[in-house]
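Participant: See my_file_38.cif below, with mmCIF, C-alpha atoms.
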data_run
#
loop_
_atom_site.label_atom_id
_atom_site.label_comp_id
_atom_site.auth_asym_id
_atom_site.auth_seq_id
_atom_site.Cartn_x
_atom_site.Cartn_y
_atom_site.Cartn_z
CA MET B 245 -35.98 9.10 -144.43
CA LYS B 246 -38.39 7.58 -141.91
CA SER B 247 -37.03 5.27 -139.19
CA TYR B 248 -39.02 2.30 -137.96
CA GLN B 249 -39.22 1.28 -134.33
CA LYS B 250 -40.89 -1.53 -132.44
CA GLY B 251 -44.23 -0.45 -131.09
CA ASP B 252 -46.44 2.56 -131.54
CA GLU B 253 -45.22 5.70 -129.75
CA ARG B 254 -48.78 6.82 -129.17
CA ILE B 255 -49.45 3.74 -127.03
CA LEU B 256 -46.14 2.44 -125.68
CA GLY B 257 -43.90 5.49 -125.59
CA ASN B 258 -40.66 5.93 -127.46
CA GLY B 259 -38.78 3.06 -129.09
CA ASP B 260 -36.04 3.03 -126.43
CA PHE B 261 -38.61 2.20 -123.76
CA VAL B 262 -40.05 -0.62 -125.85
CA GLU B 263 -36.58 -2.04 -126.52
CA GLN B 264 -35.76 -1.93 -122.80
CA VAL B 265 -38.97 -3.73 -121.85
CA LEU B 266 -38.36 -6.41 -124.48
CA ALA B 267 -34.77 -6.88 -123.30
CA GLU B 268 -35.91 -7.31 -119.69
CA ALA B 269 -38.56 -9.83 -120.73
CA GLU B 270 -35.97 -11.80 -122.70
CA GLU B 271 -33.60 -11.80 -119.72
CA LYS B 272 -36.35 -13.14 -117.43
CA MET B 273 -37.16 -15.84 -119.94
CA LYS B 274 -33.50 -16.89 -120.20
CA ARG B 275 -33.22 -17.03 -116.40
CA LYS B 276 -36.36 -19.16 -116.13
CA TYR B 277 -35.11 -21.67 -118.69
CA PHE B 278 -31.63 -21.70 -117.13
CA LEU B 279 -33.19 -22.68 -113.80
CA ARG B 280 -35.31 -25.34 -115.43
CA THR B 281 -32.29 -26.87 -117.19
CA ARG B 282 -30.65 -27.11 -113.78
CA GLY B 283 -33.69 -29.07 -112.60
CA MET B 284 -35.22 -26.33 -110.48
CA ASP B 285 -38.87 -27.01 -109.82
CA LEU B 286 -41.25 -26.41 -106.93
CA GLU B 287 -39.92 -29.40 -104.97
CA LYS B 288 -36.28 -28.33 -105.29
CA LEU B 289 -37.30 -24.76 -104.49
CA THR B 290 -38.95 -26.03 -101.30
CA HIS B 291 -35.72 -27.78 -100.29
CA ARG B 292 -33.65 -24.67 -101.07
CA VAL B 293 -35.87 -22.49 -98.88
CA ALA B 294 -35.81 -25.10 -96.10
CA ASP B 295 -32.01 -25.27 -96.25
CA LEU B 296 -31.63 -21.48 -96.11
CA LEU B 297 -33.95 -21.12 -93.12
CA LYS B 298 -32.82 -24.33 -91.42
CA ILE B 299 -36.26 -25.91 -91.25
CA LYS B 300 -37.79 -29.11 -92.61
CA PRO B 301 -39.17 -29.00 -96.16
CA LYS B 302 -42.64 -30.00 -94.93
CA ASP B 303 -42.63 -26.94 -92.66
CA VAL B 304 -42.35 -24.67 -95.70
CA TRP B 305 -45.85 -25.80 -96.69
CA ALA B 306 -47.25 -25.86 -93.14
CA ALA B 307 -50.26 -23.73 -92.25
CA GLY B 308 -50.06 -21.15 -89.51
CA LYS B 309 -48.51 -17.81 -88.74
CA TYR B 310 -45.30 -18.96 -87.13
CA ARG B 311 -42.45 -16.60 -87.94
CA ARG B 312 -40.22 -19.16 -89.67
CA THR B 313 -43.10 -20.64 -91.63
CA VAL B 314 -44.20 -17.22 -92.85
CA LYS B 315 -40.63 -16.40 -93.92
CA ALA B 316 -40.32 -19.73 -95.70
CA ARG B 317 -43.62 -19.37 -97.55
CA SER B 318 -42.72 -15.78 -98.46
CA LEU B 319 -39.41 -16.81 -100.02
CA LEU B 320 -41.09 -19.73 -101.75
CA CYS B 321 -43.80 -17.48 -103.22
CA PHE B 322 -41.30 -14.82 -104.30
CA TRP B 323 -38.96 -17.21 -106.11
CA ALA B 324 -41.74 -19.41 -107.49
CA THR B 325 -43.50 -16.48 -109.15
CA THR B 326 -40.56 -14.34 -110.23
CA GLU B 327 -37.98 -16.99 -111.10
CA LEU B 328 -39.99 -20.05 -112.11
CA GLY B 329 -43.05 -18.31 -113.53
CA ILE B 330 -45.53 -20.19 -111.35
CA THR B 331 -48.82 -18.34 -111.01
CA GLN B 332 -50.01 -16.84 -107.75
CA SER B 333 -53.36 -18.58 -108.12
CA TYR B 334 -51.63 -21.98 -108.35
CA LEU B 335 -49.58 -21.25 -105.23
CA ALA B 336 -52.71 -20.06 -103.44
CA SER B 337 -54.41 -23.39 -104.05
CA LYS B 338 -51.31 -25.38 -103.03
CA LEU B 339 -50.79 -23.32 -99.85
CA ARG B 340 -54.54 -23.11 -99.13
CA ILE B 341 -54.46 -19.33 -98.83
CA SER B 342 -56.01 -16.57 -100.90
CA GLN B 343 -54.37 -15.16 -104.02
CA PRO B 344 -54.01 -11.70 -102.40
CA ALA B 345 -52.21 -13.39 -99.49
CA VAL B 346 -49.78 -14.91 -101.98
CA GLY B 347 -49.23 -11.44 -103.46
CA LEU B 348 -48.32 -10.11 -100.02
CA SER B 349 -46.03 -13.09 -99.48
CA VAL B 350 -44.23 -12.33 -102.73
CA LYS B 351 -43.51 -8.78 -101.55
CA ARG B 352 -42.38 -10.03 -98.13
CA GLY B 353 -40.18 -12.65 -99.77
CA GLU B 354 -38.56 -10.08 -102.02
CA ARG B 355 -37.70 -7.85 -99.06
CA LEU B 356 -36.36 -10.83 -97.11
CA ALA B 357 -34.21 -12.06 -100.01
CA LYS B 358 -32.71 -8.61 -100.51
CA ARG B 359 -32.16 -7.93 -96.80
CA LYS B 360 -30.51 -11.30 -96.12
CA CYS B 361 -28.82 -11.54 -99.57
CA TYR B 362 -30.50 -14.90 -100.22
CA SER B 363 -30.05 -16.35 -103.68
CA LEU B 364 -32.09 -19.08 -105.28
CA ILE B 365 -28.98 -20.81 -106.58
CA ASP B 366 -25.38 -20.54 -105.51
CA GLU B 367 -23.76 -18.64 -108.34
#
How does the structure come out when it is put into structure tokens?
Facilitator:
Amino acid sequence: MKSYQKGDERILGNGDFVEQVLAEAEEKMKRKYFLRTRGMDLEKLTHRVADLLKIKPKDVWAAGKYRRTVKARSLLCFWATTELGITQSYLASKLRISQPAVGLSVKRGERLAKRKCYSLIDE
């Protein structure tokens, strides 16, 4: 008897891998909608980052390479892209920086969040 799996092994690998990827995607989607139902948007995200780093919300969006500003923008970019699903190109236009710079900020923000155990919401 032939068993059916999601995906084509020749392209995606075995069915377990495909199931794992689909489960992770579903989990991300649930998290994104959970945050949205709690009212999390870019403005609230800005305030959360400002509160964590003890700066003013307007300073999160400030230009320059000041240490606190860079940390704030990095956290903002990380959470905005990974948690809220906001595109890097949109953030680049809002921050007036290049898309590759946003990509670097996302990586910096991820390291900072892990190192300092920062969480987007108090759980």
Participant: Run the PyMOL selection byres ((chain B and resi 314) around 12) against the file shown and list the residues it catches, as number ranges by chain.
Facilitator: B: 293-294, 297, 299, 303-313, 315-321, 339, 345-346, 348-350, 352-353, 356
Participant: Rounded to one decimal, what separation in Å do you get between atom CA of B:Ser333 and atom CA of B:Val265?
Facilitator: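 Going from atom CA of B:Ser333 over to atom CA of B:Val265 covers 24.8 Å.
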Participant: With all atoms listed in the file as the basis for distance, which of B:Met273, B:Ile365, B:Ala336, B:Leu328 is at the shortest distance from B:Asp285?
Facilitator: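 Smallest distance to B:Asp285 is found for B:Leu328.
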Participant: What's the separation between atom CA of B:Glu327 and atom CA of B:Lys276, in Å to one decimal place?
Facilitator: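 Atom CA of B:Lys276 lies 5.7 Å from atom CA of B:Glu327.
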Participant: Measure the distance from atom CA of B:Thr326 to atom CA of B:Asp260 in Å and round it to one decimal.
Facilitator: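 Interatomic distance here is 24.2 Å.
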Participant: May I have the residues at most 6 Å from (-36.3, -19.5, -105.6) in the file's coordinates, counting all atoms listed in the file, as a ChimeraX atom specification?
Facilitator: /B:289,323-324,364
Participant: For the residues in that selection, give me C-alpha atoms as a PDB file, in the coordinates of the input.
Facilitator:
ATOM      1  CA  LEU B 289     -37.300 -24.760-104.490  1.00  0.00           C
ATOM      2  CA  TRP B 323     -38.960 -17.210-106.110  1.00  0.00           C
ATOM      3  CA  ALA B 324     -41.740 -19.410-107.490  1.00  0.00           C
ATOM      4  CA  LEU B 364     -32.090 -19.080-105.280  1.00  0.00           C
TER       5      LEU B 364
END
